[in-house]
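Undergrad: Below is the file final_4.json, with JSON, C-alpha atoms and all ligand atoms.
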```json
[["chain", "number", "residue", "atom", "x", "y", "z"],
["A", 21, "ARG", "CA", 0.00, 0.00, 0.00],
["A", 22, "THR", "CA", 0.95, 3.59, -0.56],
["A", 23, "VAL", "CA", 0.12, 5.68, 2.50],
["A", 24, "TYR", "CA", 0.33, 9.38, 3.28],
["A", 25, "VAL", "CA", 2.23, 10.93, 6.16],
["A", 26, "ASN", "CA", 2.90, 14.66, 6.68],
["A", 27, "GLY", "CA", 3.17, 15.63, 3.04],
["A", 28, "ASP", "CA", 4.68, 12.43, 1.63],
["A", 29, "TYR", "CA", 3.29, 9.44, -0.23],
["A", 30, "LEU", "CA", 5.30, 6.41, 0.87],
["A", 31, "PRO", "CA", 5.18, 2.62, 0.92],
["A", 32, "GLU", "CA", 3.50, 1.66, 4.21],
["A", 33, "THR", "CA", 6.72, 0.07, 5.50],
["A", 34, "GLU", "CA", 8.57, 3.39, 5.19],
["A", 35, "ALA", "CA", 6.00, 5.70, 6.80],
["A", 36, "LYS", "CA", 7.05, 6.80, 10.29],
["A", 37, "VAL", "CA", 5.91, 9.10, 13.12],
["A", 38, "SER", "CA", 7.77, 10.07, 16.29],
["A", 39, "ILE", "CA", 7.51, 8.07, 19.53],
["A", 40, "PHE", "CA", 6.73, 11.44, 21.19],
["A", 41, "ASP", "CA", 3.72, 12.03, 18.99],
["A", 42, "ARG", "CA", 0.77, 13.09, 21.17],
["A", 43, "GLY", "CA", -1.42, 10.60, 19.32],
["A", 44, "PHE", "CA", 0.81, 7.76, 20.49],
["A", 45, "LEU", "CA", 1.43, 8.94, 24.08],
["A", 46, "MET", "CA", -1.91, 10.63, 24.93],
["A", 47, "ALA", "CA", -4.44, 9.41, 22.35],
["A", 48, "ASP", "CA", -4.50, 13.12, 21.51],
["A", 49, "GLY", "CA", -5.85, 12.81, 18.02],
["A", 50, "VAL", "CA", -9.00, 12.67, 15.96],
["A", 51, "TYR", "CA", -9.92, 10.65, 12.90],
["A", 52, "GLU", "CA", -12.40, 10.13, 10.11],
["A", 53, "VAL", "CA", -13.29, 7.11, 8.01],
["A", 54, "VAL", "CA", -14.70, 7.82, 4.55],
["A", 55, "THR", "CA", -16.15, 5.06, 2.40],
["A", 56, "VAL", "CA", -15.21, 4.57, -1.23],
["A", 57, "LEU", "CA", -17.76, 3.03, -3.61],
["A", 58, "SER", "CA", -16.98, 2.60, -7.31],
["A", 59, "GLY", "CA", -13.84, 4.67, -6.66],
["A", 60, "LYS", "CA", -15.94, 7.60, -5.36],
["A", 61, "LEU", "CA", -15.88, 9.19, -1.90],
["A", 62, "ILE", "CA", -19.19, 8.98, -0.02],
["A", 63, "ASP", "CA", -20.34, 11.95, 2.10],
["A", 64, "PHE", "CA", -16.85, 13.54, 2.00],
["A", 65, "GLU", "CA", -18.11, 17.04, 2.94],
["A", 66, "GLY", "CA", -19.99, 15.73, 5.97],
["A", 67, "HIS", "CA", -16.90, 13.93, 7.25],
["A", 68, "MET", "CA", -14.75, 17.03, 6.78],
["A", 69, "LEU", "CA", -17.28, 19.20, 8.65],
["A", 70, "ARG", "CA", -17.19, 16.73, 11.55],
["A", 71, "LEU", "CA", -13.37, 16.72, 11.46],
["A", 72, "ASP", "CA", -13.42, 20.53, 11.76],
["A", 73, "ARG", "CA", -15.74, 20.22, 14.73],
["A", 74, "SER", "CA", -13.59, 17.56, 16.46],
["A", 75, "LEU", "CA", -10.47, 19.71, 15.92],
["A", 76, "GLY", "CA", -12.25, 22.81, 17.17],
["A", 77, "GLU", "CA", -13.53, 21.15, 20.35],
["A", 78, "LEU", "CA", -9.95, 20.07, 21.16],
["A", 79, "GLU", "CA", -8.36, 23.37, 20.09],
["A", 80, "MET", "CA", -6.24, 21.46, 17.63],
["A", 81, "ALA", "CA", -4.78, 23.08, 14.51],
["A", 82, "GLN", "CA", -6.13, 22.28, 11.03],
["A", 83, "PRO", "CA", -3.65, 19.99, 9.29],
["A", 84, "ASP", "CA", -4.40, 21.17, 5.76],
["A", 85, "ALA", "CA", -6.97, 23.00, 3.67],
["A", 86, "ARG", "CA", -10.13, 21.11, 2.70],
["A", 87, "GLU", "CA", -9.11, 21.03, -1.00],
["A", 88, "ASP", "CA", -5.73, 19.54, -0.10],
["A", 89, "LEU", "CA", -7.37, 16.85, 2.03],
["A", 90, "LEU", "CA", -9.70, 16.01, -0.85],
["A", 91, "GLU", "CA", -6.72, 15.83, -3.20],
["A", 92, "ILE", "CA", -4.88, 13.45, -0.84],
["A", 93, "HIS", "CA", -7.96, 11.20, -0.57],
["A", 94, "ARG", "CA", -8.26, 11.09, -4.38],
["A", 95, "GLU", "CA", -4.57, 10.47, -4.88],
["A", 96, "LEU", "CA", -4.63, 7.51, -2.47],
["A", 97, "ILE", "CA", -7.66, 6.03, -4.24],
["A", 98, "THR", "CA", -5.78, 6.23, -7.53],
["A", 99, "ARG", "CA", -2.41, 5.00, -6.28],
["A", 100, "ASN", "CA", -3.97, 2.04, -4.48],
["A", 101, "ALA", "CA", -6.63, 1.34, -7.14],
["A", 102, "ILE", "CA", -9.44, 1.38, -4.58],
["A", 103, "ASP", "CA", -12.84, 0.49, -5.99],
["A", 104, "GLU", "CA", -14.66, -0.42, -2.77],
["A", 105, "GLY", "CA", -13.15, 0.28, 0.62],
["A", 106, "LEU", "CA", -12.30, 2.89, 3.21],
["A", 107, "ILE", "CA", -9.93, 5.79, 3.68],
["A", 108, "TYR", "CA", -8.72, 6.33, 7.23],
["A", 109, "MET", "CA", -7.48, 9.81, 8.11],
["A", 110, "GLN", "CA", -5.93, 10.74, 11.45],
["A", 111, "VAL", "CA", -4.81, 14.09, 12.81],
["A", 112, "THR", "CA", -2.87, 14.28, 16.06],
["A", 113, "ARG", "CA", -1.50, 17.22, 18.01],
["A", 114, "GLY", "CA", 1.94, 16.35, 16.71],
["A", 115, "ASN", "CA", 5.33, 15.87, 18.28],
["A", 116, "PRO", "CA", 6.30, 18.18, 21.16],
["A", 117, "GLY", "CA", 9.70, 16.42, 21.47],
["A", 118, "ASP", "CA", 8.99, 15.00, 24.94],
["A", 119, "ARG", "CA", 6.17, 13.73, 27.14],
["A", 120, "ASP", "CA", 4.13, 16.52, 28.71],
["A", 121, "PHE", "CA", 0.45, 16.64, 29.70],
["A", 122, "HIS", "CA", 0.10, 20.25, 28.57],
["A", 123, "TYR", "CA", -0.57, 20.96, 24.93],
["A", 124, "PRO", "CA", 2.59, 21.93, 23.03],
["A", 125, "PRO", "CA", 3.02, 25.57, 21.99],
["A", 126, "GLU", "CA", 0.94, 26.92, 19.14],
["A", 127, "GLY", "CA", 2.68, 26.32, 15.86],
["A", 128, "THR", "CA", 3.56, 22.70, 16.66],
["A", 129, "LYS", "CA", 2.73, 20.91, 13.44],
["A", 130, "PRO", "CA", -0.12, 18.41, 13.64],
["A", 131, "THR", "CA", 0.63, 14.91, 12.36],
["A", 132, "LEU", "CA", -1.51, 13.93, 9.40],
["A", 133, "VAL", "CA", -1.72, 10.29, 8.36],
["A", 134, "LEU", "CA", -3.98, 8.64, 5.78],
["A", 135, "PHE", "CA", -4.20, 5.11, 4.48],
["A", 136, "THR", "CA", -6.64, 3.05, 2.42],
["A", 137, "GLN", "CA", -8.33, -0.26, 3.15],
["A", 138, "SER", "CA", -9.52, -2.13, 0.10],
["A", 139, "MET", "CA", -12.77, -4.01, 0.81],
["A", 140, "PRO", "CA", -14.19, -5.66, -2.29],
["A", 141, "GLY", "CA", -17.77, -6.75, -1.60],
["A", 142, "LEU", "CA", -18.37, -4.09, 1.04],
["A", 143, "ILE", "CA", -21.86, -3.42, -0.33],
["A", 144, "ASP", "CA", -22.82, -7.08, -0.69],
["A", 145, "SER", "CA", -21.76, -7.98, 2.83],
["A", 146, "ALA", "CA", -23.05, -11.28, 4.22],
["A", 147, "LYS", "CA", -23.77, -9.55, 7.52],
["A", 148, "ALA", "CA", -26.20, -7.16, 5.85],
["A", 149, "LYS", "CA", -28.06, -10.12, 4.35],
["A", 150, "ARG", "CA", -28.32, -12.27, 7.47],
["A", 151, "GLY", "CA", -28.41, -9.39, 9.96],
["A", 152, "ALA", "CA", -26.03, -8.66, 12.81],
["A", 153, "ARG", "CA", -26.23, -10.13, 16.31],
["A", 154, "VAL", "CA", -25.22, -7.96, 19.24],
["A", 155, "VAL", "CA", -24.76, -8.18, 23.00],
["A", 156, "THR", "CA", -25.11, -5.25, 25.37],
["A", 157, "VAL", "CA", -22.33, -3.91, 27.59],
["A", 158, "PRO", "CA", -22.20, -0.91, 29.92],
["A", 159, "ASP", "CA", -21.01, 2.28, 28.22],
["A", 160, "LEU", "CA", -17.77, 3.06, 30.06],
["A", 161, "ARG", "CA", -16.39, 5.64, 27.61],
["A", 162, "TRP", "CA", -15.59, 9.26, 28.50],
["A", 163, "GLY", "CA", -18.19, 12.04, 28.41],
["A", 164, "ARG", "CA", -17.32, 13.63, 25.04],
["A", 165, "ARG", "CA", -18.21, 10.87, 22.61],
["A", 166, "ASP", "CA", -19.29, 13.50, 20.09],
["A", 167, "ILE", "CA", -15.58, 14.18, 19.44],
["A", 168, "LYS", "CA", -14.18, 11.48, 17.16],
["A", 169, "THR", "CA", -10.96, 10.82, 19.07],
["A", 170, "VAL", "CA", -8.58, 7.90, 18.64],
["A", 171, "GLN", "CA", -9.23, 6.79, 22.25],
["A", 172, "LEU", "CA", -10.76, 3.51, 21.11],
["A", 173, "LEU", "CA", -9.70, 1.13, 23.87],
["A", 174, "TYR", "CA", -13.15, 0.72, 25.37],
["A", 175, "PRO", "CA", -14.84, 0.11, 22.00],
["A", 176, "SER", "CA", -12.10, -2.49, 21.35],
["A", 177, "MET", "CA", -12.85, -4.16, 24.69],
["A", 178, "ALA", "CA", -16.55, -4.18, 23.85],
["A", 179, "LYS", "CA", -15.85, -5.74, 20.42],
["A", 180, "MET", "CA", -13.74, -8.41, 22.14],
["A", 181, "ALA", "CA", -16.63, -9.10, 24.55],
["A", 182, "ALA", "CA", -18.91, -9.48, 21.52],
["A", 183, "SER", "CA", -16.46, -11.90, 19.85],
["A", 184, "ALA", "CA", -16.16, -13.88, 23.07],
["A", 185, "ALA", "CA", -19.96, -14.18, 23.10],
["A", 186, "GLY", "CA", -19.86, -15.40, 19.49],
["A", 187, "VAL", "CA", -21.72, -12.40, 18.04],
["A", 188, "ASP", "CA", -20.92, -9.52, 15.70],
["A", 189, "ASP", "CA", -20.88, -6.41, 17.86],
["A", 190, "ALA", "CA", -21.96, -4.73, 21.08],
["A", 191, "TRP", "CA", -24.50, -2.03, 21.92],
["A", 192, "MET", "CA", -23.62, 0.13, 24.89],
["A", 193, "ILE", "CA", -25.99, 1.07, 27.72],
["A", 194, "GLU", "CA", -25.88, 4.02, 30.10],
["A", 195, "ASP", "CA", -28.50, 4.79, 32.76],
["A", 196, "GLY", "CA", -30.68, 2.04, 31.34],
["A", 197, "LEU", "CA", -30.68, 3.53, 27.84],
["A", 198, "ILE", "CA", -28.87, 2.40, 24.68],
["A", 199, "THR", "CA", -26.26, 4.96, 23.63],
["A", 200, "GLU", "CA", -24.86, 3.47, 20.39],
["A", 201, "GLY", "CA", -22.88, 0.58, 18.94],
["A", 202, "THR", "CA", -19.10, 0.27, 19.40],
["A", 203, "SER", "CA", -18.51, 1.94, 16.02],
["A", 204, "ASN", "CA", -22.00, 2.73, 14.75],
["A", 205, "ASN", "CA", -25.28, 4.41, 15.68],
["A", 206, "ALA", "CA", -28.19, 2.31, 16.95],
["A", 207, "TYR", "CA", -31.88, 2.36, 15.93],
["A", 208, "ILE", "CA", -35.11, 0.50, 16.51],
["A", 209, "ILE", "CA", -38.32, 0.47, 14.50],
["A", 210, "LYS", "CA", -41.69, 0.13, 16.21],
["A", 211, "ASP", "CA", -45.00, 0.39, 14.37],
["A", 212, "GLY", "CA", -43.21, 1.91, 11.38],
["A", 213, "ARG", "CA", -41.53, 4.62, 13.47],
["A", 214, "ILE", "CA", -37.74, 4.90, 13.44],
["A", 215, "VAL", "CA", -36.33, 5.64, 16.90],
["A", 216, "THR", "CA", -32.71, 6.70, 17.53],
["A", 217, "ARG", "CA", -31.01, 8.58, 20.34],
["A", 218, "ALA", "CA", -30.91, 12.36, 19.95],
["A", 219, "LEU", "CA", -27.57, 14.09, 19.36],
["A", 220, "SER", "CA", -25.65, 15.19, 22.47],
["A", 221, "HIS", "CA", -22.20, 14.67, 24.01],
["A", 222, "ASP", "CA", -23.27, 11.05, 24.69],
["A", 223, "ILE", "CA", -22.86, 9.72, 21.14],
["A", 224, "LEU", "CA", -20.92, 10.27, 17.97],
["A", 225, "HIS", "CA", -22.86, 12.39, 15.50],
["A", 226, "GLY", "CA", -22.81, 9.86, 12.69],
["A", 227, "ILE", "CA", -22.55, 11.22, 9.18],
["A", 228, "THR", "CA", -24.44, 8.18, 7.91],
["A", 229, "ARG", "CA", -27.05, 8.81, 10.62],
["A", 230, "ALA", "CA", -27.66, 12.33, 9.32],
["A", 231, "THR", "CA", -27.95, 11.15, 5.72],
["A", 232, "VAL", "CA", -30.17, 8.16, 6.50],
["A", 233, "LEU", "CA", -32.55, 10.21, 8.68],
["A", 234, "ARG", "CA", -32.84, 12.81, 5.90],
["A", 235, "PHE", "CA", -33.70, 10.11, 3.35],
["A", 236, "ALA", "CA", -36.16, 8.51, 5.79],
["A", 237, "ARG", "CA", -37.99, 11.82, 6.28],
["A", 238, "GLU", "CA", -38.00, 12.47, 2.55],
["A", 239, "ALA", "CA", -39.60, 9.03, 2.10],
["A", 240, "GLN", "CA", -42.34, 10.10, 4.59],
["A", 241, "MET", "CA", -41.12, 7.72, 7.29],
["A", 242, "GLU", "CA", -41.62, 8.85, 10.86],
["A", 243, "VAL", "CA", -38.45, 9.54, 12.85],
["A", 244, "GLU", "CA", -38.27, 9.98, 16.62],
["A", 245, "GLU", "CA", -34.96, 11.23, 18.00],
["A", 246, "ARG", "CA", -35.06, 10.01, 21.60],
["A", 247, "SER", "CA", -33.34, 7.47, 23.82],
["A", 248, "PHE", "CA", -34.69, 3.93, 24.09],
["A", 249, "THR", "CA", -34.22, 1.09, 26.57],
["A", 250, "LEU", "CA", -33.01, -2.46, 26.02],
["A", 251, "GLU", "CA", -36.56, -3.66, 26.78],
["A", 252, "GLU", "CA", -37.94, -1.46, 24.01],
["A", 253, "ALA", "CA", -35.32, -2.78, 21.62],
["A", 254, "LEU", "CA", -36.24, -6.37, 22.45],
["A", 255, "ASP", "CA", -39.90, -5.51, 21.87],
["A", 256, "ALA", "CA", -39.21, -3.67, 18.58],
["A", 257, "ASP", "CA", -40.26, -4.87, 15.12],
["A", 258, "GLU", "CA", -36.78, -4.26, 13.72],
["A", 259, "ALA", "CA", -33.42, -2.84, 14.73],
["A", 260, "PHE", "CA", -30.44, -1.62, 12.74],
["A", 261, "ILE", "CA", -27.15, 0.24, 12.86],
["A", 262, "THR", "CA", -25.57, 2.84, 10.60],
["A", 263, "SER", "CA", -21.95, 3.79, 9.90],
["A", 264, "ALA", "CA", -19.82, 4.79, 6.95],
["A", 265, "SER", "CA", -18.73, 1.19, 6.40],
["A", 266, "ALA", "CA", -21.88, -0.68, 7.50],
["A", 267, "PHE", "CA", -24.30, 1.68, 5.67],
["A", 268, "VAL", "CA", -27.63, 0.44, 7.10],
["A", 269, "THR", "CA", -27.20, -3.04, 8.59],
["A", 270, "PRO", "CA", -30.09, -4.86, 10.26],
["A", 271, "VAL", "CA", -29.70, -6.15, 13.83],
["A", 272, "VAL", "CA", -31.62, -9.39, 14.32],
["A", 273, "GLU", "CA", -30.62, -10.48, 17.81],
["A", 274, "ILE", "CA", -29.78, -8.68, 21.05],
["A", 275, "ASP", "CA", -28.40, -10.54, 24.08],
["A", 276, "GLY", "CA", -29.50, -13.86, 22.57],
["A", 277, "GLU", "CA", -33.10, -12.73, 22.00],
["A", 278, "LYS", "CA", -34.64, -12.26, 18.58],
["A", 279, "VAL", "CA", -35.65, -8.81, 17.43],
["A", 280, "GLY", "CA", -39.02, -9.10, 15.68],
["A", 281, "SER", "CA", -39.02, -12.26, 13.56],
["A", 282, "GLY", "CA", -35.27, -12.69, 14.01],
["A", 283, "ALA", "CA", -34.69, -12.00, 10.30],
["A", 284, "PRO", "CA", -33.77, -8.71, 8.57],
["A", 285, "GLY", "CA", -36.93, -6.59, 8.26],
["A", 286, "PRO", "CA", -38.43, -4.57, 5.42],
["A", 287, "VAL", "CA", -37.87, -1.04, 6.78],
["A", 288, "ALA", "CA", -34.14, -1.51, 7.36],
["A", 289, "ALA", "CA", -33.85, -3.16, 3.94],
["A", 290, "ARG", "CA", -35.60, -0.21, 2.29],
["A", 291, "LEU", "CA", -33.39, 2.32, 4.11],
["A", 292, "ARG", "CA", -30.27, 0.44, 3.08],
["A", 293, "GLU", "CA", -31.41, 0.38, -0.52],
["A", 294, "ILE", "CA", -32.25, 4.11, -0.54],
["A", 295, "TYR", "CA", -28.95, 5.00, 1.14],
["A", 296, "ILE", "CA", -26.82, 3.00, -1.30],
["A", 297, "ASP", "CA", -28.78, 4.10, -4.38],
["A", 298, "GLU", "CA", -28.56, 7.77, -3.44],
["A", 299, "SER", "CA", -24.88, 7.56, -2.47],
["A", 300, "LEU", "CA", -23.66, 5.92, -5.67],
["A", 401, "LIG", "N1", -17.02, 4.54, 13.32],
["A", 401, "LIG", "N2", -20.67, 5.83, 16.59],
["A", 401, "LIG", "C1", -19.37, 5.53, 16.82],
["A", 401, "LIG", "C2", -18.92, 5.34, 18.22],
["A", 401, "LIG", "C3", -18.48, 5.41, 15.74],
["A", 401, "LIG", "O1", -17.19, 5.12, 15.97],
["A", 401, "LIG", "C4", -18.96, 5.58, 14.41],
["A", 401, "LIG", "C5", -18.05, 5.48, 13.22],
["A", 401, "LIG", "C6", -20.33, 5.87, 14.23],
["A", 401, "LIG", "C7", -20.92, 6.10, 12.86],
["A", 401, "LIG", "O2", -20.47, 7.29, 12.29],
["A", 401, "LIG", "P1", -20.43, 7.49, 10.70],
["A", 401, "LIG", "O3", -21.79, 7.23, 10.20],
["A", 401, "LIG", "O4", -20.02, 8.89, 10.55],
["A", 401, "LIG", "O5", -19.43, 6.51, 10.16],
["A", 401, "LIG", "C8", -21.14, 6.00, 15.35],
["A", 401, "LIG", "C9", -16.04, 4.44, 12.25],
["A", 401, "LIG", "C10", -16.62, 3.94, 10.98],
["A", 401, "LIG", "C11", -14.86, 3.63, 12.74],
["A", 401, "LIG", "O6", -14.46, 3.86, 13.87],
["A", 401, "LIG", "O7", -14.34, 2.79, 12.00]]
```
Translate this file's structure into structure tokens.
TA:
Amino acid sequence: RTVYVNGDYLPETEAKVSIFDRGFLMADGVYEVVTVLSGKLIDFEGHMLRLDRSLGELEMAQPDAREDLLEIHRELITRNAIDEGLIYMQVTRGNPGDRDFHYPPEGTKPTLVLFTQSMPGLIDSAKAKRGARVVTVPDLRWGRRDIKTVQLLYPSMAKMAASAAGVDDAWMIEDGLITEGTSNNAYIIKDGRIVTRALSHDILHGITRATVLRFAREAQMEVEERSFTLEEALDADEAFITSASAFVTPVVEIDGEKVGSGAPGPVAARLREIYIDESL
């Protein structure tokens, strides 16, 4: 693979960042994941707006102009011949030259790293056809989950708990209410109404979430942005998740109990179809 680091395109084995990088020592960095379908970037503007917001909330410098970031994304797609897959972009507060809790002085250059992940068959995923199974775990993440930071240890632990339970993923619960999935937003459908947690500091403001809810409203579906309990989810007709890489993926089982019929339902299937059709 050809990857990008601080202005250079390099073979992945030659790309390097400092051991003092704040991303490495402090998880002081933010990231975005943009999907590529048919060689095209999906929802690029939305992801860049969220990046700006993450950087702003952490008082971190912009790594590059929007046009330059777009150019780097396009260049990596070309150099790595990506048809279907993802582009990962990470910005950290850079290398202060030593370990220090305080932010380094203004003018310290942020570290910018991008790489591609080729994923042929991303759209036709088996998981989307059979539906995902999830377990619930307590949400033990920090209180600013709206900032897309690289502090992903707890989501990793939750994914490991899901694997240990023999299922696909985990949904997280706080104060008796579902927050979101480990790397996706969570939804239920009851009597035709789509229910998903409202935006706050408690969840990541999914770009796919925004797009899917817009399409749902345009298709005259009812959307309720409010928190829901595990009991409600188990009593729902359908459930699903959204993310850049999962698009709309049905959830058919939670904590070993079937959601609805236990098979992917019609509303999630319709939303997935609309999302993919409109994105291509
Ligand atoms: N995850 N919630 C969390 C906690 C996430 O990490 C993500 C994205 C989402 C969905 O956001 P979007 O629709 O913008 O992809 C929700 C990415 C894909 C990841 O970490 O790989």
Undergrad: Can you work out which one of A:His221, A:His93, A:Lys179, A:Arg86 has the shortest atom-to-atom distance to Glu65 of chain A, counting all atoms listed in the file?
TA: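 Ranked by minimum distance to Glu65 of chain A, first place goes to A:Arg86.
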Undergrad: Could you list, as a ChimeraX atom specification, all the residues within 10 Å of ligand LIG 401 (chain A), counting only C-alpha atoms and all ligand atoms?
TA: /A:51-55,63,66-67,70,106-108,161,165-170,172,175,191-192,199-206,222-232,261-268
Undergrad: Just want the 9 Å neighbourhood of segment 144-150 of chain A, counted on all atoms listed in the file, with same-chain residues fewer than 3 positions away dropped. Output as a VMD selection string.
TA: chain A and resid 140 to 141 188 266 268 to 272 283 to 284 289
Undergrad: Restricting the output to C-alpha atoms, write the selected residues as an mmCIF file, keeping the file's coordinate frame.
TA:
```
data_model
loop_
_atom_site.group_PDB
_atom_site.id
_atom_site.type_symbol
_atom_site.label_atom_id
_atom_site.label_comp_id
_atom_site.auth_asym_id
_atom_site.auth_seq_id
_atom_site.Cartn_x
_atom_site.Cartn_y
_atom_site.Cartn_z
ATOM 1 C CA PRO A 140 -14.190 -5.660 -2.290
ATOM 2 C CA GLY A 141 -17.770 -6.750 -1.600
ATOM 3 C CA ASP A 188 -20.920 -9.520 15.700
ATOM 4 C CA ALA A 266 -21.880 -0.680 7.500
ATOM 5 C CA VAL A 268 -27.630 0.440 7.100
ATOM 6 C CA THR A 269 -27.200 -3.040 8.590
ATOM 7 C CA PRO A 270 -30.090 -4.860 10.260
ATOM 8 C CA VAL A 271 -29.700 -6.150 13.830
ATOM 9 C CA VAL A 272 -31.620 -9.390 14.320
ATOM 10 C CA ALA A 283 -34.690 -12.000 10.300
ATOM 11 C CA PRO A 284 -33.770 -8.710 8.570
ATOM 12 C CA ALA A 289 -33.850 -3.160 3.940
#
```
Undergrad: Please list as a list in words every residue within 10 Å of segment 43-49 of chain A, counting all atoms listed in the file and excluding residues in the same chain fewer than 4 positions away.
TA: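 Result of the neighbour search: Val37, Ser38, Ile39, Ser74, Leu75, Leu78, Met80, Gln110, Val111, Thr112, Arg113, Gly114, Asn115, Asp118, Arg119, Asp120, Phe121, Tyr123, Pro130, Thr131, Leu132, Ile167, Lys168, Thr169, Val170, Gln171, Leu172 and Leu173 of chain A.
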Undergrad: For Arg246 of chain A, list every protein, DNA or RNA residue within 9 Å, evaluated using all atoms listed in the file, and leave out those in the same chain fewer than 6 positions away; present the list as a VMD selection string.
TA: chain A and resid 215 to 219
Undergrad: By how many Å are atom CA of Val279 of chain A and atom CA of Ile208 of chain A apart?
TA: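 So the two atoms, atom CA of Val279 of chain A and atom CA of Ile208 of chain A, lie 9.4 Å apart.
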Undergrad: Counting only C-alpha atoms, figure out which residue out of A:Arg153, A:Arg234, A:Lys210, A:Arg164 gets nearest to Val287 of chain A.
TA: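 Selected residue with least distance to Val287 of chain A: A:Lys210.
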Undergrad: If I take atom CA of Asn100 of chain A and atom CA of Leu61 of chain A, how far is one from the other in Å, to one decimal?
TA: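 So the two atoms, atom CA of Asn100 of chain A and atom CA of Leu61 of chain A, lie 14.1 Å apart.
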Undergrad: Quick one: residues within 10 Å of Ile97 of chain A, only C-alpha atoms counted, chain neighbours fewer than 5 positions away excluded, as a CSV table (one decimal) with C-alpha atoms, keeping the file's coordinate frame?
TA:
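Contents of around.csv, as written:
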```
chain,number,residue,atom,x,y,z
A,22,THR,CA,1.0,3.6,-0.6
A,56,VAL,CA,-15.2,4.6,-1.2
A,59,GLY,CA,-13.8,4.7,-6.7
A,60,LYS,CA,-15.9,7.6,-5.4
A,61,LEU,CA,-15.9,9.2,-1.9
A,91,GLU,CA,-6.7,15.8,-3.2
A,92,ILE,CA,-4.9,13.4,-0.8
A,102,ILE,CA,-9.4,1.4,-4.6
A,103,ASP,CA,-12.8,0.5,-6.0
A,104,GLU,CA,-14.7,-0.4,-2.8
A,105,GLY,CA,-13.2,0.3,0.6
A,106,LEU,CA,-12.3,2.9,3.2
A,107,ILE,CA,-9.9,5.8,3.7
A,135,PHE,CA,-4.2,5.1,4.5
A,136,THR,CA,-6.6,3.0,2.4
A,137,GLN,CA,-8.3,-0.3,3.2
A,138,SER,CA,-9.5,-2.1,0.1
```
Undergrad: Just how far from atom CA of Val133 of chain A is atom CA of Arg99 of chain A, in Å to one decimal?
TA: 15.6 Å
Undergrad: Could you check the closest approach to Glu273 of chain A for each of A:Gly151, A:Gly212, A:Asp297, A:Ser247 and tell me which residue wins, using all atoms listed in the file?
TA: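 Comparing A:Gly151, A:Gly212, A:Asp297, A:Ser247 against Glu273 of chain A, the winner is A:Gly151.
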Undergrad: Counting all atoms listed in the file, figure out which residue out of A:Leu134, A:Leu90, A:Thr98, A:Val50 gets nearest to Leu30 of chain A.
TA: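 The shortest atom-to-atom distance to Leu30 of chain A comes from A:Leu134.
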Undergrad: Return the single residue from A:Asp255, A:Gln240, A:Val154, A:Glu298 that is closest to Asp211 of chain A, with distances computed using only C-alpha atoms.
TA: A:Asp255
Undergrad: Do a neighbour search on Phe235 of chain A at 8 Å with all atoms listed in the file, toss out local chain neighbours closer than 5 positions, and write the hits as an NGL selection string.
TA: :A and (291 or 294-295)
Undergrad: Between A:Leu89, A:Glu251, A:Leu197, A:Ser299, which residue has the minimum interatomic distance to Ile62 of chain A, considering all atoms listed in the file?
TA: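 The closest residue to Ile62 of chain A is A:Ser299.
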